[in-house]
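Listing of upload23.txt, compact mmCIF, C-alpha atoms
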# COMPACT_ATOMS: atom_id res chain seq x y z
CA MET A 1 -8.32 -15.70 -19.28
CA SER A 2 -11.45 -15.70 -17.14
CA GLY A 3 -12.41 -14.12 -13.83
CA GLY A 4 -13.01 -17.41 -12.05
CA SER A 5 -10.71 -19.22 -9.64
CA GLU A 6 -8.03 -21.02 -11.64
CA THR A 7 -4.32 -21.68 -11.70
CA SER A 8 -3.84 -23.64 -14.94
CA GLY A 9 -1.50 -22.05 -17.43
CA MET A 10 0.00 -19.71 -14.84
CA PRO A 11 3.76 -19.58 -14.39
CA ALA A 12 4.98 -20.38 -10.89
CA GLU A 13 6.23 -16.83 -10.49
CA ILE A 14 5.05 -13.51 -11.91
CA THR A 15 6.02 -9.87 -11.48
CA VAL A 16 4.01 -7.25 -9.62
CA GLY A 17 3.25 -5.54 -12.92
CA GLU A 18 1.87 -8.78 -14.34
CA ALA A 19 -0.13 -9.39 -11.15
CA LEU A 20 -1.77 -5.97 -11.30
CA ASN A 21 -2.58 -6.43 -14.98
CA LEU A 22 -4.06 -9.85 -14.19
CA ALA A 23 -6.20 -8.47 -11.35
CA LEU A 24 -7.60 -5.74 -13.59
CA HIS A 25 -8.24 -8.26 -16.35
CA ASP A 26 -10.05 -10.64 -14.02
CA ALA A 27 -12.13 -7.87 -12.44
CA LEU A 28 -13.18 -6.60 -15.88
CA ALA A 29 -14.02 -10.15 -17.00
CA ALA A 30 -16.00 -10.98 -13.87
CA ASP A 31 -18.14 -7.83 -13.56
CA PRO A 32 -19.48 -5.72 -16.44
CA ASN A 33 -19.82 -2.76 -14.06
CA VAL A 34 -16.05 -2.54 -13.61
CA PHE A 35 -14.27 -0.08 -15.89
CA LEU A 36 -10.92 1.70 -15.89
CA LEU A 37 -10.15 5.36 -16.50
CA GLY A 38 -6.92 7.33 -16.42
CA GLU A 39 -4.22 9.01 -18.45
CA ASP A 40 -2.61 6.93 -21.20
CA ILE A 41 -4.08 3.62 -20.02
CA GLY A 42 -5.37 2.48 -23.43
CA ASP A 43 -3.30 0.36 -25.79
CA GLU A 44 -3.15 3.22 -28.29
CA GLN A 45 -1.23 5.14 -25.63
CA GLY A 46 0.96 2.16 -24.68
CA GLY A 47 -1.14 0.64 -21.91
CA GLY A 48 0.08 2.99 -19.20
CA ILE A 49 3.57 4.37 -18.69
CA LEU A 50 4.69 1.09 -17.08
CA GLY A 51 2.40 -1.22 -19.03
CA VAL A 52 0.12 -2.21 -16.16
CA THR A 53 -3.01 -1.82 -18.31
CA ARG A 54 -1.43 -3.17 -21.50
CA GLY A 55 -3.78 -5.31 -23.57
CA LEU A 56 -6.90 -4.47 -21.60
CA SER A 57 -8.46 -1.93 -23.98
CA THR A 58 -7.88 -4.34 -26.87
CA THR A 59 -9.62 -7.12 -24.96
CA PHE A 60 -12.44 -5.17 -23.31
CA GLY A 61 -12.82 -2.11 -25.55
CA LYS A 62 -12.28 1.61 -25.14
CA ALA A 63 -15.59 2.08 -23.33
CA ARG A 64 -14.34 -0.02 -20.41
CA VAL A 65 -10.68 1.06 -20.53
CA ARG A 66 -10.94 4.79 -21.03
CA ALA A 67 -7.87 6.91 -21.72
CA THR A 68 -8.60 10.38 -20.34
CA PRO A 69 -7.15 13.87 -20.68
CA ILE A 70 -4.54 14.98 -18.14
CA SER A 71 -7.07 16.14 -15.55
CA GLU A 72 -7.04 14.47 -12.14
CA GLN A 73 -10.18 16.33 -11.11
CA ALA A 74 -12.05 15.03 -14.14
CA ILE A 75 -10.83 11.46 -13.54
CA ILE A 76 -11.89 11.36 -9.90
CA GLY A 77 -15.10 13.33 -10.46
CA ALA A 78 -16.16 10.98 -13.25
CA GLY A 79 -15.23 8.00 -11.10
CA ILE A 80 -17.35 9.16 -8.17
CA GLY A 81 -20.30 9.90 -10.43
CA ALA A 82 -20.06 6.50 -12.08
CA ALA A 83 -19.79 4.78 -8.69
CA LEU A 84 -22.97 6.52 -7.55
CA ALA A 85 -24.67 5.23 -10.70
CA GLY A 86 -23.83 1.61 -9.88
CA PHE A 87 -20.46 1.11 -11.57
CA ARG A 88 -17.16 0.03 -9.98
CA PRO A 89 -14.62 2.38 -11.52
CA VAL A 90 -10.87 1.93 -11.14
CA ALA A 91 -9.29 5.35 -11.60
CA GLU A 92 -5.58 5.81 -12.13
CA ILE A 93 -3.78 8.88 -10.84
CA MET A 94 -0.37 8.41 -12.37
CA LEU A 95 1.65 9.75 -9.43
CA MET A 96 0.56 10.01 -5.81
CA ASN A 97 1.58 13.64 -5.39
CA PHE A 98 -1.06 14.55 -7.97
CA VAL A 99 -3.93 13.25 -5.83
CA THR A 100 -3.72 16.64 -4.16
CA VAL A 101 -5.37 18.08 -7.26
CA ALA A 102 -8.45 15.91 -6.61
CA MET A 103 -8.30 16.00 -2.80
CA ASP A 104 -11.62 17.80 -2.35
CA MET A 105 -13.51 15.17 -4.35
CA LEU A 106 -11.88 12.27 -2.54
CA VAL A 107 -12.10 13.64 0.99
CA ASN A 108 -15.32 15.65 0.92
CA HIS A 109 -17.33 13.49 -1.46
CA ALA A 110 -16.12 9.92 -2.02
CA ALA A 111 -15.21 9.31 1.62
CA LYS A 112 -18.25 11.00 3.17
CA LEU A 113 -21.21 10.10 0.98
CA ARG A 114 -21.98 6.88 2.86
CA PHE A 115 -22.14 8.81 6.13
CA MET A 116 -24.04 11.76 4.67
CA SER A 117 -26.62 9.51 3.00
CA GLY A 118 -27.36 7.59 6.18
CA GLY A 119 -25.61 4.53 4.80
CA GLN A 120 -27.74 4.40 1.64
CA THR A 121 -25.05 5.39 -0.86
CA GLY A 122 -21.63 3.85 -1.09
CA VAL A 123 -18.87 4.91 -3.48
CA PRO A 124 -17.13 1.74 -4.74
CA LEU A 125 -14.23 3.62 -6.30
CA VAL A 126 -10.62 2.40 -6.43
CA VAL A 127 -7.91 4.97 -7.01
CA ARG A 128 -4.68 3.34 -8.18
CA THR A 129 -1.65 5.52 -7.75
CA MET A 130 2.13 5.17 -7.79
CA THR A 131 4.94 6.64 -5.72
CA GLY A 132 8.30 5.84 -4.14
CA SER A 133 11.73 7.37 -3.72
CA GLY A 134 15.01 6.14 -5.17
CA PHE A 135 14.51 7.07 -8.80
CA GLY A 136 15.53 10.72 -8.92
CA ASN A 137 12.02 11.89 -9.62
CA GLY A 138 12.19 14.79 -7.20
CA GLY A 139 9.99 16.05 -4.43
CA GLN A 140 6.79 16.44 -6.46
CA HIS A 141 6.71 12.83 -7.70
CA SER A 142 7.94 10.61 -4.88
CA ASP A 143 6.00 11.23 -1.65
CA TYR A 144 4.15 8.61 0.34
CA LEU A 145 0.98 10.44 1.43
CA GLU A 146 -0.97 7.52 2.91
CA ALA A 147 -1.33 9.22 6.33
CA TRP A 148 -3.41 11.99 4.75
CA PHE A 149 -6.00 9.47 3.56
CA ALA A 150 -5.78 7.10 6.52
CA HIS A 151 -6.83 10.12 8.60
CA VAL A 152 -10.12 10.44 6.68
CA PRO A 153 -13.05 8.31 7.93
CA GLY A 154 -14.60 6.42 5.04
CA MET A 155 -11.39 5.83 3.08
CA LYS A 156 -9.52 2.54 2.94
CA VAL A 157 -5.78 2.65 2.19
CA VAL A 158 -4.05 -0.41 0.77
CA SER A 159 -0.53 -1.34 -0.34
CA TYR A 160 1.32 -4.58 -1.11
CA SER A 161 4.83 -6.00 -0.83
CA ASN A 162 4.68 -8.95 -3.27
CA PRO A 163 2.94 -9.99 -6.52
CA ALA A 164 0.38 -12.35 -4.94
CA ASP A 165 -0.82 -9.63 -2.56
CA ALA A 166 -0.78 -7.05 -5.36
CA TYR A 167 -3.27 -9.26 -7.22
CA GLY A 168 -5.41 -10.26 -4.26
CA LEU A 169 -5.57 -6.84 -2.62
CA LEU A 170 -6.45 -5.06 -5.88
CA LEU A 171 -9.19 -7.61 -6.54
CA ALA A 172 -10.56 -7.11 -3.01
CA SER A 173 -10.40 -3.32 -3.36
CA ILE A 174 -12.43 -3.41 -6.58
CA ARG A 175 -15.06 -5.60 -4.92
CA ASP A 176 -15.29 -3.35 -1.84
CA ASP A 177 -18.30 -1.05 -1.57
CA ASP A 178 -16.36 1.99 -0.30
CA PRO A 179 -13.55 4.14 -1.75
CA THR A 180 -10.04 2.69 -1.60
CA LEU A 181 -6.69 4.29 -2.27
CA PHE A 182 -4.46 1.58 -3.74
CA ILE A 183 -0.78 2.56 -3.50
CA GLU A 184 1.76 1.05 -5.90
CA ASN A 185 5.52 1.48 -5.53
CA LEU A 186 7.51 2.53 -8.59
CA GLY A 187 10.30 0.13 -7.68
CA SER A 188 8.02 -2.87 -7.26
CA TYR A 189 6.74 -3.54 -10.78
CA ALA A 190 9.58 -5.89 -11.78
CA LEU A 191 9.58 -7.66 -8.40
CA LYS A 192 8.97 -11.41 -8.89
CA GLY A 193 7.21 -13.77 -6.53
CA PRO A 194 4.81 -16.72 -6.34
CA ALA A 195 1.77 -16.37 -8.57
CA PRO A 196 -1.62 -15.80 -6.93
CA GLN A 197 -4.60 -18.10 -7.15
CA ARG A 198 -6.80 -16.60 -9.85
CA GLY A 199 -10.04 -15.04 -8.69
CA VAL A 200 -9.22 -15.19 -4.99
CA PRO A 201 -9.10 -11.79 -3.22
CA THR A 202 -6.81 -11.03 -0.28
CA PRO A 203 -9.06 -9.80 2.57
CA LEU A 204 -8.78 -6.10 3.37
CA GLY A 205 -7.94 -5.25 6.98
CA LYS A 206 -5.89 -8.40 7.53
CA ALA A 207 -2.12 -8.19 8.05
CA ALA A 208 0.34 -10.96 7.17
CA ILE A 209 3.13 -12.31 9.35
CA VAL A 210 5.76 -12.63 6.64
CA ARG A 211 8.50 -13.83 9.00
CA PRO A 212 7.80 -15.31 12.45
CA GLY A 213 10.06 -14.37 15.36
CA ASP A 214 10.25 -14.06 19.13
CA ASP A 215 12.45 -11.12 20.15
CA VAL A 216 11.27 -8.04 18.24
CA THR A 217 8.20 -7.20 16.13
CA ILE A 218 8.93 -5.14 12.99
CA ILE A 219 5.77 -3.63 11.50
CA SER A 220 5.85 -2.24 7.97
CA TYR A 221 4.08 -2.10 4.59
CA SER A 222 4.75 -1.73 0.88
CA THR A 223 8.32 -2.27 -0.30
CA MET A 224 9.70 -1.30 3.12
CA VAL A 225 8.66 -4.83 4.14
CA LEU A 226 11.48 -6.11 1.93
CA ARG A 227 13.98 -3.91 3.76
CA ALA A 228 12.61 -5.13 7.09
CA LEU A 229 13.05 -8.74 5.95
CA ALA A 230 16.64 -8.04 4.89
CA ALA A 231 17.34 -6.54 8.32
CA ALA A 232 15.69 -9.53 10.00
CA ASP A 233 17.92 -11.90 8.01
CA SER A 234 21.03 -10.07 9.20
CA LEU A 235 19.79 -9.94 12.79
CA ALA A 236 19.05 -13.68 12.74
CA ARG A 237 22.75 -14.28 12.10
CA GLN A 238 23.33 -12.40 15.36
CA ASN A 239 20.84 -14.66 17.20
CA ILE A 240 18.11 -12.00 17.30
CA SER A 241 14.75 -13.31 16.12
CA CYS A 242 12.49 -10.70 14.47
CA GLU A 243 8.84 -11.14 13.57
CA VAL A 244 8.05 -9.07 10.46
CA ILE A 245 4.45 -8.02 9.85
CA ASP A 246 3.18 -6.65 6.54
CA LEU A 247 0.11 -4.48 7.26
CA ARG A 248 -1.21 -4.84 3.67
CA THR A 249 -4.17 -2.63 4.64
CA ILE A 250 -2.95 0.62 6.22
CA ALA A 251 -6.45 1.85 7.03
CA PRO A 252 -8.06 0.10 8.76
CA TYR A 253 -4.98 -1.72 10.05
CA ASP A 254 -5.10 -5.13 11.70
CA LEU A 255 -4.61 -4.18 15.34
CA PRO A 256 -5.35 -7.68 16.78
CA THR A 257 -2.43 -9.20 14.83
CA LEU A 258 -0.10 -6.42 16.00
CA VAL A 259 -1.24 -6.79 19.62
CA ALA A 260 -0.75 -10.57 19.54
CA SER A 261 2.78 -10.22 18.18
CA VAL A 262 3.96 -7.35 20.40
CA GLY A 263 2.32 -9.09 23.35
CA ARG A 264 4.83 -11.91 22.82
CA THR A 265 7.97 -10.01 21.83
CA ARG A 266 7.38 -6.92 24.01
CA ARG A 267 9.40 -4.89 21.51
CA ALA A 268 8.11 -3.04 18.43
CA VAL A 269 9.79 -1.21 15.55
CA ILE A 270 7.55 0.49 12.98
CA VAL A 271 9.01 1.26 9.55
CA HIS A 272 7.59 3.25 6.64
CA GLU A 273 8.94 5.32 3.77
CA ALA A 274 6.66 8.29 4.42
CA VAL A 275 7.94 11.11 6.59
CA ARG A 276 8.17 9.83 10.17
CA LYS A 277 6.62 12.89 11.83
CA PHE A 278 2.82 12.71 12.08
CA GLY A 279 2.90 9.46 10.11
CA VAL A 280 1.11 6.10 10.26
CA GLY A 281 3.81 4.87 12.66
CA ALA A 282 2.78 7.47 15.22
CA GLU A 283 -0.81 6.19 15.27
CA ILE A 284 0.25 2.55 15.58
CA ALA A 285 2.82 3.37 18.27
CA ALA A 286 0.19 5.24 20.30
CA ASP A 287 -2.24 2.33 19.96
CA LEU A 288 0.34 -0.22 21.10
CA ALA A 289 1.70 1.96 23.91
CA GLY A 290 -1.81 2.40 25.25
CA ARG A 291 -2.39 -1.35 25.35
CA PHE A 292 1.03 -2.31 26.74
CA HIS A 293 1.69 0.57 29.13
CA GLY A 294 4.44 -0.53 31.52
CA GLU A 295 4.71 -4.00 29.95
CA LEU A 296 7.14 -3.39 27.06
CA LYS A 297 10.85 -4.19 27.36
CA ALA A 298 11.81 -1.03 25.44
CA PRO A 299 10.16 2.14 24.09
CA ILE A 300 8.53 1.68 20.67
CA VAL A 301 10.76 2.86 17.81
CA ARG A 302 9.51 4.56 14.65
CA LEU A 303 11.59 4.77 11.46
CA GLY A 304 10.48 6.81 8.47
CA GLY A 305 11.55 9.32 5.88
CA ASN A 306 13.34 12.46 7.01
CA TYR A 307 11.21 15.56 7.56
CA SER A 308 11.91 16.88 4.09
CA ALA A 309 10.67 16.82 0.55
CA VAL A 310 12.14 13.80 -1.24
CA PRO A 311 15.50 15.08 -2.57
CA PHE A 312 16.43 14.95 -6.26
CA SER A 313 20.14 14.63 -5.46
CA LYS A 314 21.01 10.92 -5.54
CA PRO A 315 23.18 10.90 -2.37
CA LEU A 316 20.54 12.84 -0.45
CA GLU A 317 17.70 10.72 -1.81
CA SER A 318 19.54 7.53 -0.83
CA ALA A 319 19.75 8.85 2.74
CA TYR A 320 16.10 9.94 2.82
CA ALA A 321 14.26 6.69 3.71
CA PRO A 322 15.37 3.98 6.16
CA GLY A 323 17.18 1.00 4.68
CA PRO A 324 17.99 -2.45 6.07
CA LYS A 325 21.07 -1.07 7.83
CA GLN A 326 19.08 1.59 9.68
CA ILE A 327 16.43 -0.95 10.69
CA GLU A 328 19.10 -3.36 11.93
CA GLU A 329 20.85 -0.60 13.90
CA ALA A 330 17.55 0.45 15.49
CA VAL A 331 16.87 -3.10 16.68
CA LEU A 332 20.42 -3.53 18.00
CA ALA A 333 20.25 -0.21 19.85
CA MET A 334 16.89 -1.12 21.34
CA ILE A 335 18.25 -4.42 22.64
CA ALA A 336 21.54 -2.93 23.85
CA GLU A 337 19.75 -0.26 25.86
CA HIS A 338 17.03 -2.56 27.18
CA SER A 339 18.44 -6.11 27.18
CA ASP A 340 16.39 -7.62 29.99
CA GLY A 341 14.83 -10.89 28.94
CA LEU A 342 16.43 -11.44 25.51
Represent the structure contained in this file as structure tokens.
Amino acid sequence: MSGGSETSGMPAEITVGEALNLALHDALAADPNVFLLGEDIGDEQGGGILGVTRGLSTTFGKARVRATPISEQAIIGAGIGAALAGFRPVAEIMLMNFVTVAMDMLVNHAAKLRFMSGGQTGVPLVVRTMTGSGFGNGGQHSDYLEAWFAHVPGMKVVSYSNPADAYGLLLASIRDDDPTLFIENLGSYALKGPAPQRGVPTPLGKAAIVRPGDDVTIISYSTMVLRALAAADSLARQNISCEVIDLRTIAPYDLPTLVASVGRTRRAVIVHEAVRKFGVGAEIAADLAGRFHGELKAPIVRLGGNYSAVPFSKPLESAYAPGPKQIEEAVLAMIAEHSDGL
């Protein structure tokens, strides 16, 4: 495999896990300054707990695919130092809750060095991390913490909902000159979809309209996009047309695409798995409300996780994050209470 643009030899569909592996392979092949570091990512350790880095240390060597001790501070500190020296490190923090251990380095150093150096020093560091509820991993392994990083100037925050975007967004993140938090969902790795075009990045900061519609705009990201699409399918059978937007980049998010869509539908529902209170949905809702004051057909609705740690108990965990049914009910309630013009 090479890092150039190609499609020959690719199956029509691949999984998210295969797409991420392919993006890392192509980035390593294309740029000798790219290297990976993280716990258990070498082939001697199994190529990562879910096999995302499998085969890469055999192909590119242990110097460029470095298995590290269990020390998040060491991983991020080494990544920042290497980025300052001209490399493009891709650091893996196995689970998103553990980024808290390295928060000072990410927030006070990686995110701020461009500002504090008068624009002379960027930190082209990608931090891959995994999270997601639904697997009984408990409250210390399942949180979506994207709002913490989206709040920090200098950080980009990225997530995907399909294999092609997983490939293209990871490639774009590695090529970006500033630090990026790349969020992977534990439940997504086996998800199949159309294969990407090799070597072609998906632009950061650009949302995708994954289902066009006229009555309601549903805004989401990561695997919650799939739940929004399922709700939109059900609502279509009830003659309600939903436009579903996948943010793809959470920070900075693509406000022009959101404004164009909500400007047509005049209704907006924002859905994420992270806790609803003080979340990304609050920022987007405030932005849209400010632009459409007095022009919307209904108040903006936000759906997110309950204000709780992610439960270990399976029944409680299943009720933690919004599903297709909750999204559908929110849209139906919005239309029932404010039906003018549908």
I want to know what sits within 12 Å of Ala166 of chain A, based on only C-alpha atoms, with residues of the same chain fewer than 2 positions away left out; could you give that as a VMD selection string?
chain A and resid 14 to 24 52 128 158 to 164 168 to 173 182 to 185 188 to 189 191 to 197 200 to 204 222 to 223 248 to 249
I need the chosen residues saved as a PDB file, in the coordinates of the input, with C-alpha atoms.
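The resulting file, out.pdb, is reproduced below:
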ATOM      1  CA  ILE A  14       5.050 -13.510 -11.910  1.00  0.00           C
ATOM      2  CA  THR A  15       6.020  -9.870 -11.480  1.00  0.00           C
ATOM      3  CA  VAL A  16       4.010  -7.250  -9.620  1.00  0.00           C
ATOM      4  CA  GLY A  17       3.250  -5.540 -12.920  1.00  0.00           C
ATOM      5  CA  GLU A  18       1.870  -8.780 -14.340  1.00  0.00           C
ATOM      6  CA  ALA A  19      -0.130  -9.390 -11.150  1.00  0.00           C
ATOM      7  CA  LEU A  20      -1.770  -5.970 -11.300  1.00  0.00           C
ATOM      8  CA  ASN A  21      -2.580  -6.430 -14.980  1.00  0.00           C
ATOM      9  CA  LEU A  22      -4.060  -9.850 -14.190  1.00  0.00           C
ATOM     10  CA  ALA A  23      -6.200  -8.470 -11.350  1.00  0.00           C
ATOM     11  CA  LEU A  24      -7.600  -5.740 -13.590  1.00  0.00           C
ATOM     12  CA  VAL A  52       0.120  -2.210 -16.160  1.00  0.00           C
ATOM     13  CA  ARG A 128      -4.680   3.340  -8.180  1.00  0.00           C
ATOM     14  CA  VAL A 158      -4.050  -0.410   0.770  1.00  0.00           C
ATOM     15  CA  SER A 159      -0.530  -1.340  -0.340  1.00  0.00           C
ATOM     16  CA  TYR A 160       1.320  -4.580  -1.110  1.00  0.00           C
ATOM     17  CA  SER A 161       4.830  -6.000  -0.830  1.00  0.00           C
ATOM     18  CA  ASN A 162       4.680  -8.950  -3.270  1.00  0.00           C
ATOM     19  CA  PRO A 163       2.940  -9.990  -6.520  1.00  0.00           C
ATOM     20  CA  ALA A 164       0.380 -12.350  -4.940  1.00  0.00           C
ATOM     21  CA  GLY A 168      -5.410 -10.260  -4.260  1.00  0.00           C
ATOM     22  CA  LEU A 169      -5.570  -6.840  -2.620  1.00  0.00           C
ATOM     23  CA  LEU A 170      -6.450  -5.060  -5.880  1.00  0.00           C
ATOM     24  CA  LEU A 171      -9.190  -7.610  -6.540  1.00  0.00           C
ATOM     25  CA  ALA A 172     -10.560  -7.110  -3.010  1.00  0.00           C
ATOM     26  CA  SER A 173     -10.400  -3.320  -3.360  1.00  0.00           C
ATOM     27  CA  PHE A 182      -4.460   1.580  -3.740  1.00  0.00           C
ATOM     28  CA  ILE A 183      -0.780   2.560  -3.500  1.00  0.00           C
ATOM     29  CA  GLU A 184       1.760   1.050  -5.900  1.00  0.00           C
ATOM     30  CA  ASN A 185       5.520   1.480  -5.530  1.00  0.00           C
ATOM     31  CA  SER A 188       8.020  -2.870  -7.260  1.00  0.00           C
ATOM     32  CA  TYR A 189       6.740  -3.540 -10.780  1.00  0.00           C
ATOM     33  CA  LEU A 191       9.580  -7.660  -8.400  1.00  0.00           C
ATOM     34  CA  LYS A 192       8.970 -11.410  -8.890  1.00  0.00           C
ATOM     35  CA  GLY A 193       7.210 -13.770  -6.530  1.00  0.00           C
ATOM     36  CA  PRO A 194       4.810 -16.720  -6.340  1.00  0.00           C
ATOM     37  CA  ALA A 195       1.770 -16.370  -8.570  1.00  0.00           C
ATOM     38  CA  PRO A 196      -1.620 -15.800  -6.930  1.00  0.00           C
ATOM     39  CA  GLN A 197      -4.600 -18.100  -7.150  1.00  0.00           C
ATOM     40  CA  VAL A 200      -9.220 -15.190  -4.990  1.00  0.00           C
ATOM     41  CA  PRO A 201      -9.100 -11.790  -3.220  1.00  0.00           C
ATOM     42  CA  THR A 202      -6.810 -11.030  -0.280  1.00  0.00           C
ATOM     43  CA  PRO A 203      -9.060  -9.800   2.570  1.00  0.00           C
ATOM     44  CA  LEU A 204      -8.780  -6.100   3.370  1.00  0.00           C
ATOM     45  CA  SER A 222       4.750  -1.730   0.880  1.00  0.00           C
ATOM     46  CA  THR A 223       8.320  -2.270  -0.300  1.00  0.00           C
ATOM     47  CA  ARG A 248      -1.210  -4.840   3.670  1.00  0.00           C
ATOM     48  CA  THR A 249      -4.170  -2.630   4.640  1.00  0.00           C
TER      49      THR A 249
END
Could you check how far atom CA of Arg114 of chain A sits from atom CA of Ile80 of chain A, in Å to one decimal?
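Atom-to-atom, atom CA of Arg114 of chain A and atom CA of Ile80 of chain A are spaced 12.2 Å apart.
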Taking all atoms listed in the file into account, which of A:Ile75, A:Ile93, A:Val152, A:Val244 comes nearest Ala232 of chain A?
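Going through A:Ile75, A:Ile93, A:Val152, A:Val244 one by one, the smallest distance to Ala232 of chain A is for A:Val244.
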Point-to-point distance from atom CA of Ile41 of chain A to atom CA of Ala74 of chain A, Å rounded to tenths:
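If I compute the distance from atom CA of Ile41 of chain A to atom CA of Ala74 of chain A, I get 15.1 Å.
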Distance in Å - atom CA of Leu37 of chain A versus atom CA of Ser142 of chain A
22.1 Å
Any idea what's packed within 10 Å of Phe87 of chain A, counting all atoms listed in the file, ignoring anything in its chain fewer than 5 positions away? Could you give it as a list in words?
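Listed by chain and then number, they are Asp31, Pro32, Asn33, Val34, Phe35, Gly79, Ile80, Gly81, Ala82, Val123, Pro124 and Leu125 of chain A.
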Which residue of A:His293, A:His25, A:Arg227, A:His338 approaches Tyr167 of chain A most closely, using all atoms listed in the file:
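Using all atoms listed in the file, Tyr167 of chain A sits closest to A:His25.
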Rank nothing, just name the residue among A:Ile219, A:Leu316, A:Val101, A:Leu56 nearest to Gln73 of chain A, using only C-alpha atoms.
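Distance minimum relative to Gln73 of chain A lands on A:Val101.
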Please identify all polymer residues within 10 Å of Glu146 of chain A, counting only C-alpha atoms, omitting same-chain residues fewer than 5 positions from it, and present them as a CSV table (one decimal) with C-alpha atoms, in the frame of the given file.
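Once everything was written out, this is result-v9.csv:
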chain,number,residue,atom,x,y,z
A,96,MET,CA,0.6,10.0,-5.8
A,151,HIS,CA,-6.8,10.1,8.6
A,156,LYS,CA,-9.5,2.5,2.9
A,157,VAL,CA,-5.8,2.6,2.2
A,158,VAL,CA,-4.0,-0.4,0.8
A,159,SER,CA,-0.5,-1.3,-0.3
A,181,LEU,CA,-6.7,4.3,-2.3
A,182,PHE,CA,-4.5,1.6,-3.7
A,183,ILE,CA,-0.8,2.6,-3.5
A,250,ILE,CA,-3.0,0.6,6.2
A,251,ALA,CA,-6.4,1.8,7.0
A,274,ALA,CA,6.7,8.3,4.4
A,279,GLY,CA,2.9,9.5,10.1
A,280,VAL,CA,1.1,6.1,10.3
Around the point (9.7, 9.4, -4.2) in the file's coordinates, collect all residues with an atom within 12 Å, using all atoms listed in the file, and return them as a PyMOL selection string.
chain A and resi 95-97+130-145+184-187+273-275+305+308-314+316-318+320-321
Choose the residue, out of A:Leu84, A:Ala289, A:Ala282, A:Val269, that has the smallest atom-to-atom separation from Ala330 of chain A; count only C-alpha atoms.
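Once distances to Ala330 of chain A are computed over only C-alpha atoms, the minimum belongs to A:Val269.
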Pick out the closest residue to Ala83 of chain A from this set: A:Gln45, A:Thr53, A:Arg64, A:Asp178. Count all atoms listed in the file.
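The answer is A:Asp178, which sits nearest to Ala83 of chain A.
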For Met224 of chain A, the nearest of the candidates A:Ala63, A:Leu288, A:Leu303, A:Ala190, counting all atoms listed in the file
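Among the listed residues, the smallest separation from Met224 of chain A belongs to A:Leu303.
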Quick one: 8 Å padding each side, axis-aligned, all listed atoms of segment 326-332 of chain A - centre and edge lengths in Å to one decimal, as JSON?
{"center_x": 18.6, "center_y": -1.0, "center_z": 13.8, "size_x": 20.4, "size_y": 21.1, "size_z": 24.3}
For Pro324 of chain A, find every residue with an atom within 7 Å (counting all atoms listed in the file), except residues of its own chain fewer than 5 positions away, and show them as a ChimeraX atom specification.
/A:227-228,230-231
Selection: 7 Å around Ala111 of chain A, only C-alpha atoms, excl. self and same-chain fewer than 2 positions, as a list of chain:residue names
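Residues near the query, excluding close chain neighbours: A:Leu106, A:Val107, A:Asn108, A:His109, A:Leu113, A:Pro153, A:Gly154, A:Met155, A:Pro179.
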Kindly reconstruct segment 154-165 of chain A with N, CA and C atoms and present the result as a short mmCIF file (atom, residue, chain, number, x, y, z; two decimals), in the coordinates of the input.
data_model
loop_
_atom_site.label_atom_id
_atom_site.label_comp_id
_atom_site.auth_asym_id
_atom_site.auth_seq_id
_atom_site.Cartn_x
_atom_site.Cartn_y
_atom_site.Cartn_z
N GLY A 154 -13.92 6.79 6.28
CA GLY A 154 -14.60 6.42 5.04
C GLY A 154 -13.66 5.94 3.95
N MET A 155 -12.36 6.26 4.09
CA MET A 155 -11.39 5.83 3.08
C MET A 155 -10.66 4.58 3.56
N LYS A 156 -10.44 3.65 2.68
CA LYS A 156 -9.52 2.54 2.94
C LYS A 156 -8.20 2.84 2.20
N VAL A 157 -7.11 2.42 2.78
CA VAL A 157 -5.78 2.65 2.19
C VAL A 157 -5.04 1.32 2.17
N VAL A 158 -4.59 0.94 0.98
CA VAL A 158 -4.05 -0.41 0.77
C VAL A 158 -2.71 -0.32 0.04
N SER A 159 -1.77 -1.19 0.42
CA SER A 159 -0.53 -1.34 -0.34
C SER A 159 -0.03 -2.77 -0.19
N TYR A 160 0.89 -3.17 -1.03
CA TYR A 160 1.32 -4.58 -1.11
C TYR A 160 2.84 -4.64 -1.05
N SER A 161 3.37 -5.83 -0.80
CA SER A 161 4.83 -6.00 -0.83
C SER A 161 5.27 -7.14 -1.75
N ASN A 162 4.32 -7.81 -2.41
CA ASN A 162 4.68 -8.95 -3.27
C ASN A 162 3.61 -9.13 -4.35
N PRO A 163 3.90 -9.86 -5.42
CA PRO A 163 2.94 -9.99 -6.52
C PRO A 163 1.60 -10.63 -6.13
N ALA A 164 1.63 -11.67 -5.30
CA ALA A 164 0.38 -12.35 -4.94
C ALA A 164 -0.55 -11.40 -4.20
N ASP A 165 0.01 -10.60 -3.27
CA ASP A 165 -0.82 -9.63 -2.56
C ASP A 165 -1.26 -8.50 -3.48
#
